[in-house]
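Asker: So that you have it, the file is my_file32.csv, and it contains CSV, C-alpha atoms:
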chain,number,residue,atom,x,y,z
A,1,MET,CA,4.0,-39.8,-52.9
A,2,SER,CA,3.7,-43.5,-52.0
A,3,ASN,CA,3.8,-46.1,-54.8
A,4,LEU,CA,0.2,-47.1,-53.9
A,5,GLU,CA,-1.1,-43.6,-54.9
A,6,SER,CA,0.1,-44.2,-58.5
A,7,TYR,CA,-2.4,-47.0,-58.9
A,8,PRO,CA,-6.1,-46.8,-59.9
A,9,PRO,CA,-8.3,-46.7,-56.8
A,10,VAL,CA,-9.6,-50.2,-57.5
A,11,PHE,CA,-6.1,-51.6,-57.6
A,12,ARG,CA,-5.3,-49.9,-54.3
A,13,GLN,CA,-8.2,-51.8,-52.7
A,14,LEU,CA,-7.1,-55.1,-54.4
A,15,LYS,CA,-3.6,-54.8,-53.1
A,16,ALA,CA,-5.0,-54.5,-49.6
A,17,SER,CA,-7.8,-57.1,-49.9
A,18,THR,CA,-10.2,-58.6,-52.4
A,19,PRO,CA,-13.7,-57.1,-52.2
A,20,PRO,CA,-16.3,-59.8,-52.8
A,21,GLN,CA,-17.5,-58.3,-56.1
A,22,LEU,CA,-13.9,-58.2,-57.5
A,23,ALA,CA,-13.2,-61.6,-56.2
A,24,GLU,CA,-16.1,-62.9,-58.3
A,25,LEU,CA,-14.9,-61.1,-61.4
A,26,ASN,CA,-11.4,-62.6,-60.9
A,27,ASN,CA,-12.9,-66.0,-60.5
A,28,ASN,CA,-14.4,-65.7,-63.9
A,29,SER,CA,-10.9,-65.9,-65.2
A,30,ASN,CA,-10.9,-69.6,-64.4
A,31,SER,CA,-13.6,-70.2,-66.9
A,32,MET,CA,-12.4,-67.7,-69.5
A,33,GLY,CA,-8.6,-68.0,-69.4
A,34,GLY,CA,-7.7,-70.7,-67.0
A,35,THR,CA,-5.1,-70.5,-64.3
A,36,ALA,CA,-2.9,-73.4,-65.4
A,37,GLN,CA,0.7,-72.6,-64.7
A,38,ALA,CA,3.1,-72.4,-67.6
A,39,SER,CA,4.8,-75.8,-67.8
A,40,SER,CA,8.3,-74.4,-68.3
A,41,SER,CA,10.2,-71.5,-69.8
A,42,VAL,CA,11.3,-72.0,-73.4
A,43,ASP,CA,13.9,-70.7,-75.8
A,44,ILE,CA,11.8,-69.4,-78.6
A,45,PRO,CA,13.3,-69.2,-82.1
A,46,VAL,CA,15.7,-66.4,-82.8
A,47,VAL,CA,15.5,-64.3,-86.0
A,48,ASP,CA,18.4,-62.0,-86.9
A,49,LEU,CA,17.2,-58.9,-88.7
A,50,GLU,CA,20.7,-58.1,-90.0
A,51,CYS,CA,21.0,-61.6,-91.7
A,52,LEU,CA,17.3,-62.3,-92.4
A,53,SER,CA,16.8,-65.8,-93.7
A,54,LEU,CA,13.5,-66.0,-95.6
A,55,GLU,CA,13.4,-69.8,-95.2
A,56,LYS,CA,13.9,-69.7,-91.4
A,57,LEU,CA,11.5,-66.8,-91.0
A,58,GLY,CA,8.8,-68.7,-92.8
A,59,GLU,CA,9.3,-71.9,-90.8
A,60,VAL,CA,9.2,-69.9,-87.5
A,61,CYS,CA,6.0,-68.1,-88.5
A,62,LYS,CA,4.3,-71.4,-89.5
A,63,GLU,CA,5.5,-73.5,-86.5
A,64,TRP,CA,5.6,-71.0,-83.7
A,65,GLY,CA,3.9,-67.7,-84.5
A,66,ILE,CA,6.3,-66.0,-82.1
A,67,PHE,CA,10.1,-65.4,-82.2
A,68,ARG,CA,12.9,-63.3,-80.6
A,69,LEU,CA,14.4,-60.6,-82.8
A,70,VAL,CA,18.0,-59.7,-82.5
A,71,ASN,CA,20.2,-57.2,-84.2
A,72,HIS,CA,17.2,-55.0,-84.8
A,73,GLY,CA,19.1,-51.7,-85.0
A,74,ILE,CA,17.5,-49.9,-82.1
A,75,PRO,CA,20.2,-48.1,-80.1
A,76,PRO,CA,20.6,-49.5,-76.5
A,77,SER,CA,20.7,-45.9,-75.2
A,78,LEU,CA,17.2,-45.3,-76.7
A,79,LEU,CA,15.8,-48.4,-75.2
A,80,SER,CA,17.2,-47.5,-71.8
A,81,LYS,CA,15.9,-43.9,-71.9
A,82,LEU,CA,12.5,-44.9,-73.1
A,83,GLU,CA,12.2,-47.6,-70.4
A,84,GLU,CA,13.3,-45.1,-67.8
A,85,HIS,CA,10.6,-42.6,-68.9
A,86,VAL,CA,7.9,-45.2,-69.1
A,87,LYS,CA,8.5,-46.1,-65.4
A,88,ARG,CA,8.7,-42.4,-64.4
A,89,VAL,CA,5.4,-41.5,-66.2
A,90,LEU,CA,3.4,-44.5,-65.0
A,91,SER,CA,4.7,-43.9,-61.4
A,92,LEU,CA,2.9,-40.5,-61.4
A,93,SER,CA,-0.2,-40.3,-59.2
A,94,PHE,CA,-3.3,-41.8,-60.7
A,95,GLU,CA,-4.9,-38.4,-60.8
A,96,SER,CA,-1.9,-36.8,-62.5
A,97,LYS,CA,-1.9,-39.5,-65.2
A,98,GLN,CA,-5.6,-38.8,-65.9
A,99,ALA,CA,-5.0,-35.1,-66.1
A,100,LEU,CA,-1.7,-35.1,-68.1
A,101,LEU,CA,-2.1,-38.0,-70.6
A,102,THR,CA,-4.6,-36.3,-72.8
A,103,ASN,CA,-5.6,-36.5,-76.5
A,104,PRO,CA,-4.1,-37.9,-78.7
A,105,LEU,CA,-2.7,-40.1,-75.9
A,106,SER,CA,-5.0,-41.9,-73.5
A,107,TYR,CA,-4.5,-43.5,-70.1
A,108,PHE,CA,-6.4,-46.7,-69.3
A,109,TRP,CA,-6.5,-49.5,-66.7
A,110,GLY,CA,-8.2,-52.8,-65.9
A,111,THR,CA,-8.5,-53.9,-69.6
A,112,PRO,CA,-6.3,-53.8,-72.7
A,113,LEU,CA,-9.5,-53.6,-74.9
A,114,LEU,CA,-9.9,-50.0,-76.1
A,115,THR,CA,-12.3,-48.2,-78.5
A,116,PRO,CA,-10.9,-46.6,-81.7
A,117,THR,CA,-10.6,-43.3,-79.7
A,118,GLY,CA,-8.4,-45.0,-77.0
A,119,ALA,CA,-11.0,-45.2,-74.3
A,120,ALA,CA,-11.2,-48.4,-72.2
A,121,LEU,CA,-13.9,-50.8,-73.3
A,122,ARG,CA,-15.8,-51.7,-70.2
A,123,GLY,CA,-17.8,-54.6,-71.6
A,124,ALA,CA,-15.1,-57.1,-70.6
A,125,LEU,CA,-16.1,-59.7,-67.9
A,126,ASN,CA,-12.7,-59.7,-66.1
A,127,ILE,CA,-10.4,-57.2,-64.6
A,128,ASN,CA,-6.9,-57.3,-66.0
A,129,TRP,CA,-4.3,-56.4,-63.5
A,130,LEU,CA,-2.7,-53.6,-65.6
A,131,GLU,CA,-2.6,-50.0,-66.5
A,132,GLY,CA,-1.3,-48.4,-69.6
A,133,ILE,CA,-0.9,-45.5,-72.1
A,134,ASN,CA,-2.1,-45.7,-75.7
A,135,VAL,CA,0.0,-43.8,-78.2
A,136,PRO,CA,-1.2,-43.5,-81.8
A,137,LEU,CA,2.0,-42.7,-83.5
A,138,CYS,CA,0.6,-40.8,-86.5
A,139,HIS,CA,-1.0,-38.2,-84.1
A,140,LEU,CA,1.8,-38.1,-81.5
A,141,GLN,CA,3.1,-34.7,-82.8
A,142,GLN,CA,-0.2,-33.2,-81.7
A,143,PHE,CA,0.5,-34.0,-78.1
A,144,GLU,CA,1.7,-30.9,-76.2
A,145,SER,CA,2.6,-30.6,-72.5
A,146,GLU,CA,4.4,-28.1,-70.4
A,147,ASP,CA,5.6,-30.9,-68.2
A,148,PRO,CA,9.3,-31.6,-69.1
A,149,ARG,CA,8.9,-35.3,-68.2
A,150,LEU,CA,6.2,-35.7,-70.9
A,151,HIS,CA,8.1,-33.6,-73.4
A,152,ASP,CA,11.0,-36.0,-73.3
A,153,PHE,CA,8.7,-39.0,-73.1
A,154,ARG,CA,7.1,-37.9,-76.4
A,155,HIS,CA,10.5,-37.5,-78.0
A,156,TYR,CA,11.6,-41.0,-77.1
A,157,LEU,CA,8.3,-42.5,-78.2
A,158,GLU,CA,8.6,-40.8,-81.6
A,159,GLU,CA,12.1,-42.1,-82.1
A,160,TYR,CA,11.2,-45.6,-81.0
A,161,GLY,CA,8.1,-45.6,-83.2
A,162,ARG,CA,10.2,-44.8,-86.3
A,163,HIS,CA,12.5,-47.8,-85.5
A,164,LEU,CA,9.5,-50.1,-85.0
A,165,SER,CA,7.9,-49.0,-88.2
A,166,ARG,CA,11.1,-49.9,-90.0
A,167,ILE,CA,11.3,-53.3,-88.4
A,168,ALA,CA,7.7,-54.2,-89.0
A,169,THR,CA,8.0,-53.2,-92.7
A,170,THR,CA,11.2,-55.2,-93.2
A,171,LEU,CA,9.7,-58.3,-91.6
A,172,LEU,CA,6.4,-58.1,-93.5
A,173,GLU,CA,8.2,-57.6,-96.8
A,174,ALA,CA,10.1,-60.9,-96.1
A,175,MET,CA,6.9,-62.7,-95.1
A,176,VAL,CA,5.1,-61.5,-98.2
A,177,LYS,CA,7.8,-63.1,-100.3
A,178,ASN,CA,7.4,-66.4,-98.4
A,179,LEU,CA,3.7,-66.3,-98.8
A,180,ASN,CA,3.8,-65.4,-102.5
A,181,LEU,CA,1.1,-62.8,-102.1
A,182,GLY,CA,0.0,-60.7,-105.1
A,183,PRO,CA,1.0,-57.1,-105.5
A,184,LYS,CA,-2.4,-55.8,-104.4
A,185,GLN,CA,-2.4,-57.9,-101.2
A,186,SER,CA,1.1,-56.9,-100.4
A,187,GLU,CA,0.5,-53.2,-100.7
A,188,SER,CA,-2.5,-53.2,-98.4
A,189,SER,CA,-1.4,-55.8,-95.8
A,190,LEU,CA,0.4,-53.2,-93.6
A,191,ASP,CA,0.0,-49.4,-93.3
A,192,GLU,CA,2.7,-47.7,-91.2
A,193,SER,CA,0.2,-44.9,-90.3
A,194,THR,CA,-1.9,-47.4,-88.3
A,195,GLY,CA,0.9,-48.2,-85.9
A,196,PHE,CA,0.6,-47.4,-82.3
A,197,ILE,CA,2.5,-48.1,-79.1
A,198,ARG,CA,1.0,-49.2,-75.8
A,199,VAL,CA,3.1,-49.1,-72.6
A,200,TYR,CA,1.9,-51.3,-69.8
A,201,ARG,CA,2.5,-51.5,-66.0
A,202,TYR,CA,1.5,-54.7,-64.2
A,203,PRO,CA,1.4,-54.2,-60.4
A,204,SER,CA,3.0,-56.7,-58.1
A,205,GLY,CA,1.2,-58.2,-55.1
A,206,SER,CA,-0.3,-61.1,-53.4
A,207,LEU,CA,-3.0,-61.6,-56.0
A,208,ALA,CA,-0.4,-62.7,-58.6
A,209,ASP,CA,-1.7,-66.3,-58.4
A,210,GLU,CA,-5.3,-65.2,-58.8
A,211,ALA,CA,-5.5,-62.2,-61.1
A,212,TRP,CA,-4.1,-62.1,-64.6
A,213,GLY,CA,-2.0,-59.2,-65.7
A,214,MET,CA,-3.6,-59.8,-69.1
A,215,MET,CA,-6.0,-62.6,-69.9
A,216,GLU,CA,-5.3,-65.0,-72.7
A,217,HIS,CA,-6.0,-63.5,-76.1
A,218,THR,CA,-4.7,-63.2,-79.7
A,219,ASP,CA,-3.7,-59.8,-81.0
A,220,SER,CA,-5.9,-58.2,-83.7
A,221,SER,CA,-2.8,-56.7,-85.5
A,222,VAL,CA,-0.7,-57.8,-88.5
A,223,LEU,CA,2.3,-57.9,-86.3
A,224,SER,CA,3.0,-57.2,-82.6
A,225,ILE,CA,6.4,-56.3,-81.3
A,226,VAL,CA,7.1,-56.4,-77.6
A,227,ASN,CA,9.9,-55.1,-75.5
A,228,GLN,CA,9.5,-56.7,-72.0
A,229,ASP,CA,11.6,-55.9,-69.0
A,230,GLN,CA,13.5,-58.5,-66.9
A,231,VAL,CA,10.6,-59.4,-64.6
A,232,GLY,CA,9.1,-61.6,-67.3
A,233,GLY,CA,5.6,-63.1,-67.2
A,234,LEU,CA,4.8,-63.4,-71.0
A,235,GLU,CA,3.4,-66.8,-71.8
A,236,PHE,CA,2.1,-68.3,-75.0
A,237,PHE,CA,0.2,-71.5,-76.0
A,238,LYS,CA,1.8,-74.1,-78.1
A,239,ASP,CA,1.2,-77.9,-78.4
A,240,ASN,CA,-1.5,-77.8,-75.7
A,241,GLU,CA,0.7,-76.2,-73.1
A,242,TRP,CA,1.5,-72.8,-71.8
A,243,LEU,CA,5.2,-71.8,-72.2
A,244,LEU,CA,7.0,-68.9,-70.5
A,245,VAL,CA,9.1,-66.5,-72.7
A,246,ASN,CA,12.4,-65.8,-71.0
A,247,PRO,CA,13.2,-62.1,-70.9
A,248,ILE,CA,16.5,-61.3,-72.6
A,249,SER,CA,17.8,-57.7,-72.4
A,250,GLY,CA,18.2,-55.9,-75.7
A,251,THR,CA,16.0,-58.3,-77.7
A,252,LEU,CA,12.4,-57.9,-79.0
A,253,VAL,CA,9.6,-60.5,-79.1
A,254,VAL,CA,7.5,-60.6,-82.3
A,255,ASN,CA,4.2,-62.4,-82.6
A,256,ILE,CA,1.8,-63.0,-85.5
A,257,GLY,CA,-1.6,-61.2,-85.2
A,258,ASP,CA,-5.1,-62.1,-86.4
A,259,MET,CA,-4.8,-60.0,-89.6
A,260,LEU,CA,-1.7,-61.8,-90.8
A,261,GLN,CA,-3.3,-65.1,-90.1
A,262,ALA,CA,-6.1,-64.2,-92.4
A,263,ILE,CA,-3.9,-62.7,-95.0
A,264,SER,CA,-1.7,-65.8,-95.0
A,265,ASP,CA,-4.7,-68.2,-95.4
A,266,ASP,CA,-3.9,-69.6,-92.0
A,267,GLN,CA,-0.4,-70.5,-93.0
A,268,TYR,CA,0.8,-68.2,-90.2
A,269,MET,CA,-1.1,-68.6,-86.9
A,270,SER,CA,-2.0,-65.8,-84.5
A,271,VAL,CA,-0.5,-66.9,-81.3
A,272,LYS,CA,-2.5,-67.1,-78.1
A,273,HIS,CA,-0.7,-65.5,-75.2
A,274,ARG,CA,-1.2,-64.0,-71.8
A,275,VAL,CA,0.7,-62.1,-69.0
A,276,ARG,CA,1.2,-63.4,-65.5
A,277,THR,CA,1.9,-60.9,-62.7
A,278,ASN,CA,4.7,-61.2,-60.2
A,279,LYS,CA,4.4,-61.2,-56.4
A,280,GLN,CA,7.6,-59.3,-55.8
A,281,ALA,CA,8.1,-56.8,-58.7
A,282,GLU,CA,6.1,-54.6,-61.1
A,283,ARG,CA,6.4,-55.6,-64.7
A,284,PHE,CA,6.7,-53.0,-67.5
A,285,SER,CA,6.4,-53.6,-71.3
A,286,ILE,CA,6.4,-51.5,-74.4
A,287,CYS,CA,4.4,-52.9,-77.3
A,288,TYR,CA,4.0,-51.9,-80.9
A,289,PHE,CA,1.0,-52.9,-83.1
A,290,VAL,CA,0.4,-52.3,-86.8
A,291,PHE,CA,-2.6,-53.0,-89.0
A,292,PRO,CA,-3.7,-53.3,-92.7
A,293,ALA,CA,-4.4,-50.1,-94.7
A,294,LYS,CA,-7.7,-48.6,-93.8
A,295,GLY,CA,-10.4,-49.8,-96.1
A,296,SER,CA,-8.3,-52.5,-97.7
A,297,VAL,CA,-10.2,-55.8,-98.1
A,298,ILE,CA,-8.6,-58.9,-96.8
A,299,ARG,CA,-9.4,-61.8,-99.2
A,300,SER,CA,-8.7,-65.4,-98.2
A,301,SER,CA,-9.9,-68.8,-99.1
A,302,LYS,CA,-10.6,-69.4,-95.4
A,303,TYR,CA,-12.5,-66.3,-94.6
A,304,LYS,CA,-15.3,-64.0,-95.9
A,305,PRO,CA,-13.9,-60.8,-97.4
A,306,PHE,CA,-13.5,-58.2,-94.6
A,307,THR,CA,-11.7,-55.0,-93.7
A,308,TYR,CA,-9.9,-54.4,-90.4
A,309,THR,CA,-12.6,-51.9,-89.6
A,310,ASP,CA,-15.2,-54.7,-90.0
A,311,PHE,CA,-13.1,-56.9,-87.7
A,312,GLN,CA,-12.6,-54.1,-85.1
A,313,GLN,CA,-16.3,-53.3,-85.0
A,314,GLN,CA,-17.2,-57.0,-84.5
A,315,VAL,CA,-14.6,-57.3,-81.7
A,316,GLN,CA,-16.1,-54.3,-80.0
A,317,HIS,CA,-19.6,-55.7,-80.3
A,318,ASP,CA,-18.7,-59.1,-79.0
A,319,THR,CA,-16.8,-57.6,-76.1
A,320,LYS,CA,-19.7,-55.5,-75.1
A,321,THR,CA,-22.4,-58.2,-75.5
A,322,LEU,CA,-20.5,-61.4,-74.6
A,323,GLY,CA,-17.7,-60.0,-72.5
A,324,TYR,CA,-14.9,-61.4,-74.6
A,325,LYS,CA,-13.4,-61.3,-78.1
A,326,VAL,CA,-14.5,-64.0,-80.6
A,327,GLY,CA,-12.1,-62.9,-83.3
A,328,LEU,CA,-11.5,-64.5,-86.7
A,329,GLN,CA,-14.0,-67.3,-86.0
A,330,ARG,CA,-16.7,-64.7,-86.8
A,331,PHE,CA,-15.4,-64.4,-90.4
A,332,LYS,CA,-14.6,-68.1,-91.0
A,333,LEU,CA,-16.3,-69.5,-94.1
A,334,ASN,CA,-18.9,-72.1,-93.2
A,335,ALA,CA,-18.2,-71.8,-89.5
A,336,ALA,CA,-20.9,-71.9,-86.8
A,337,VAL,CA,-20.4,-69.3,-84.1
With the file now loaded, output its structure as structure tokens.
Answerer:
Amino acid sequence: MSNLESYPPVFRQLKASTPPQLAELNNNSNSMGGTAQASSSVDIPVVDLECLSLEKLGEVCKEWGIFRLVNHGIPPSLLSKLEEHVKRVLSLSFESKQALLTNPLSYFWGTPLLTPTGAALRGALNINWLEGINVPLCHLQQFESEDPRLHDFRHYLEEYGRHLSRIATTLLEAMVKNLNLGPKQSESSLDESTGFIRVYRYPSGSLADEAWGMMEHTDSSVLSIVNQDQVGGLEFFKDNEWLLVNPISGTLVVNIGDMLQAISDDQYMSVKHRVRTNKQAERFSICYFVFPAKGSVIRSSKYKPFTYTDFQQQVQHDTKTLGYKVGLQRFKLNAAV
């Protein structure tokens, strides 16, 4: 099987040429996300999970909203095996991925915006140059496949998910202490059962300067934890410029999400970021997202009381009707939207 056959049909066309209707969609990215090149790569702050400094963690979350995590305790052998299986599974034919990656997993492409069931949300204006697999960790045991490649894939995802749940809980417990949150807020600010993994593949090609792997956005999560390969391409916005996050093997990149921004009363800011594709090489990443407890009400002096479900429904509505996510601005007190 040629590598081209593993891509969605639309991507196969895009790699050969840019049909007029898709060119128009990609041109919308200029107005929605901009095409400004990242000014430079940057060494983002480093947080050591083994020697966690509350003071340093608080400063990094307030000033950057993104940091590199080292000494996280995930065995290098697990990272290597999972990355190997991610590449193997996403390199299957497009038709095989559609047939094999079934409930509770879901295969998607062209957009990172999904419905609660894992289906791609097609209201978005722009095509994102990506494909991926959505993995709700609390339901992963229900996934069954006779294909040995998927059996091993599930095993490594489960093991990786347990590590990421541990890491997210440890980090948030430290953040809660820094923020002096009350017991009720602390208990509901993160629920391990909401955690899910998304694995992404960003095709290479001549459109790297025109089409985004992922348009600029903020994450809706409490925390997002990214394991990116050595191709790079992750950029974030700080001090009115786009900065490139250097890939460093064996480390993780953690960023603050919308829910933690609201919980922290805007002390910690959800970082705006995007992914640029590469002309020569495909990019793979493994991302973990975790959210507040279902039904828990987020109370803040900056925002109207809301649950994550309220927020998710608003994002879905805005994406379908406007073509993009408005986000926390919808819940801001005395804000005109």
Asker: Using only C-alpha atoms, determine which residues lie at most 10 Å from Ile248 (chain A), disregarding the query and same-chain residues fewer than 6 positions distant; provide the list as an mmCIF file with C-alpha atoms, in the frame of the given file.
Answerer:
data_model
loop_
_atom_site.group_PDB
_atom_site.id
_atom_site.type_symbol
_atom_site.label_atom_id
_atom_site.label_comp_id
_atom_site.auth_asym_id
_atom_site.auth_seq_id
_atom_site.Cartn_x
_atom_site.Cartn_y
_atom_site.Cartn_z
ATOM 1 C CA ARG A 68 12.900 -63.300 -80.600
ATOM 2 C CA ASN A 227 9.900 -55.100 -75.500
ATOM 3 C CA GLN A 228 9.500 -56.700 -72.000
ATOM 4 C CA ASP A 229 11.600 -55.900 -69.000
ATOM 5 C CA GLN A 230 13.500 -58.500 -66.900
ATOM 6 C CA GLY A 232 9.100 -61.600 -67.300
#
Asker: With a distance cut-off of 12 Å and all atoms listed in the file, select the neighbouring residues of Asp265 (chain A), excluding the residue or stretch itself and same-chain residues fewer than 5 positions from it, and output the selection as a tab-separated table (two decimals) with C-alpha atoms, keeping the file's coordinate frame.
Answerer:
chain	number	residue	atom	x	y	z
A	62	LYS	CA	4.30	-71.40	-89.50
A	179	LEU	CA	3.70	-66.30	-98.80
A	180	ASN	CA	3.80	-65.40	-102.50
A	181	LEU	CA	1.10	-62.80	-102.10
A	258	ASP	CA	-5.10	-62.10	-86.40
A	259	MET	CA	-4.80	-60.00	-89.60
A	260	LEU	CA	-1.70	-61.80	-90.80
A	270	SER	CA	-2.00	-65.80	-84.50
A	298	ILE	CA	-8.60	-58.90	-96.80
A	299	ARG	CA	-9.40	-61.80	-99.20
A	300	SER	CA	-8.70	-65.40	-98.20
A	301	SER	CA	-9.90	-68.80	-99.10
A	302	LYS	CA	-10.60	-69.40	-95.40
A	303	TYR	CA	-12.50	-66.30	-94.60
A	304	LYS	CA	-15.30	-64.00	-95.90
A	305	PRO	CA	-13.90	-60.80	-97.40
A	328	LEU	CA	-11.50	-64.50	-86.70
A	332	LYS	CA	-14.60	-68.10	-91.00
A	333	LEU	CA	-16.30	-69.50	-94.10
Asker: Around (19.9, -58.5, -78.3) in the file's frame, which residues reach within 12 Å when counting only C-alpha atoms? Return as a PyMOL selection string?
Answerer: chain A and resi 46-50+68-76+79+227+247-253
Asker: Distance cut-off 9 Å, centre (10.2, -72.3, -69.8) in file coordinates, counting all atoms listed in the file: which residues qualify? Return them as a PDB file with C-alpha atoms, in the coordinates of the input.
Answerer:
ATOM      1  CA  ALA A  38       3.100 -72.400 -67.600  1.00  0.00           C
ATOM      2  CA  SER A  39       4.800 -75.800 -67.800  1.00  0.00           C
ATOM      3  CA  SER A  40       8.300 -74.400 -68.300  1.00  0.00           C
ATOM      4  CA  SER A  41      10.200 -71.500 -69.800  1.00  0.00           C
ATOM      5  CA  VAL A  42      11.300 -72.000 -73.400  1.00  0.00           C
ATOM      6  CA  ASP A  43      13.900 -70.700 -75.800  1.00  0.00           C
ATOM      7  CA  GLU A 235       3.400 -66.800 -71.800  1.00  0.00           C
ATOM      8  CA  TRP A 242       1.500 -72.800 -71.800  1.00  0.00           C
ATOM      9  CA  LEU A 243       5.200 -71.800 -72.200  1.00  0.00           C
ATOM     10  CA  LEU A 244       7.000 -68.900 -70.500  1.00  0.00           C
ATOM     11  CA  VAL A 245       9.100 -66.500 -72.700  1.00  0.00           C
ATOM     12  CA  ASN A 246      12.400 -65.800 -71.000  1.00  0.00           C
TER      13      ASN A 246
END
Asker: With 5 Å of padding per side, what axis-aligned box (centre and edge lengths, Å, one decimal) covers all the listed atoms of region 297-300 of chain A? Give it as lines of an AutoDock Vina configuration file.
Answerer:
center_x = -9.4
center_y = -60.6
center_z = -98.0
size_x = 11.6
size_y = 19.6
size_z = 12.4
Asker: In Å, rounded to a single decimal, give me how far CA of Glu84 (chain A) is from CA of Pro8 (chain A).
Answerer: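 So the two atoms, CA of Pro8 (chain A) and CA of Glu84 (chain A), lie 21.0 Å apart.
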Asker: Please identify all polymer residues within 6 Å of region 108-118 of chain A, counting only C-alpha atoms, omitting same-chain residues fewer than 4 positions from it, and present them as an MDAnalysis selection string.
Answerer: chainID A and resid 127:132
Asker: Within 12 Å of Lys81 (chain A), counting all atoms listed in the file, which residues show up once you throw out same-chain ones fewer than 5 positions away? Write them as a ChimeraX atom specification, please.
Answerer: /A:74-76,86-88,149,152-157,159-160
Asker: Just C-alpha atoms for this one: save the residues we selected as a PDB file, in the coordinates of the input.
Answerer:
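Saved result, result15.pdb, follows:
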ATOM      1  CA  ILE A  74      17.500 -49.900 -82.100  1.00  0.00           C
ATOM      2  CA  PRO A  75      20.200 -48.100 -80.100  1.00  0.00           C
ATOM      3  CA  PRO A  76      20.600 -49.500 -76.500  1.00  0.00           C
ATOM      4  CA  VAL A  86       7.900 -45.200 -69.100  1.00  0.00           C
ATOM      5  CA  LYS A  87       8.500 -46.100 -65.400  1.00  0.00           C
ATOM      6  CA  ARG A  88       8.700 -42.400 -64.400  1.00  0.00           C
ATOM      7  CA  ARG A 149       8.900 -35.300 -68.200  1.00  0.00           C
ATOM      8  CA  ASP A 152      11.000 -36.000 -73.300  1.00  0.00           C
ATOM      9  CA  PHE A 153       8.700 -39.000 -73.100  1.00  0.00           C
ATOM     10  CA  ARG A 154       7.100 -37.900 -76.400  1.00  0.00           C
ATOM     11  CA  HIS A 155      10.500 -37.500 -78.000  1.00  0.00           C
ATOM     12  CA  TYR A 156      11.600 -41.000 -77.100  1.00  0.00           C
ATOM     13  CA  LEU A 157       8.300 -42.500 -78.200  1.00  0.00           C
ATOM     14  CA  GLU A 159      12.100 -42.100 -82.100  1.00  0.00           C
ATOM     15  CA  TYR A 160      11.200 -45.600 -81.000  1.00  0.00           C
TER      16      TYR A 160
END
Asker: Just the number, please: distance in Å from CA of Ser285 (chain A) to CA of Pro136 (chain A), one decimal.
Answerer: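 Distance reported for this atom pair: 16.4 Å.
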Asker: So how many Å separate CA of Gly195 (chain A) and CA of Cys138 (chain A), to one decimal?
Answerer: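 Computed distance, CA of Gly195 (chain A) to CA of Cys138 (chain A), equals 7.4 Å.
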Asker: Could you check which of A:Thr319, A:Thr170, A:Thr194, A:Asn103 is closest to Ser145 (chain A), using all atoms listed in the file?
Answerer: A:Asn103
Asker: Closest to Glu173 (chain A) among A:Leu140, A:Leu54, A:Val254, A:Met269, using all atoms listed in the file?
Answerer: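 So, comparing all the options, the nearest one is A:Leu54.
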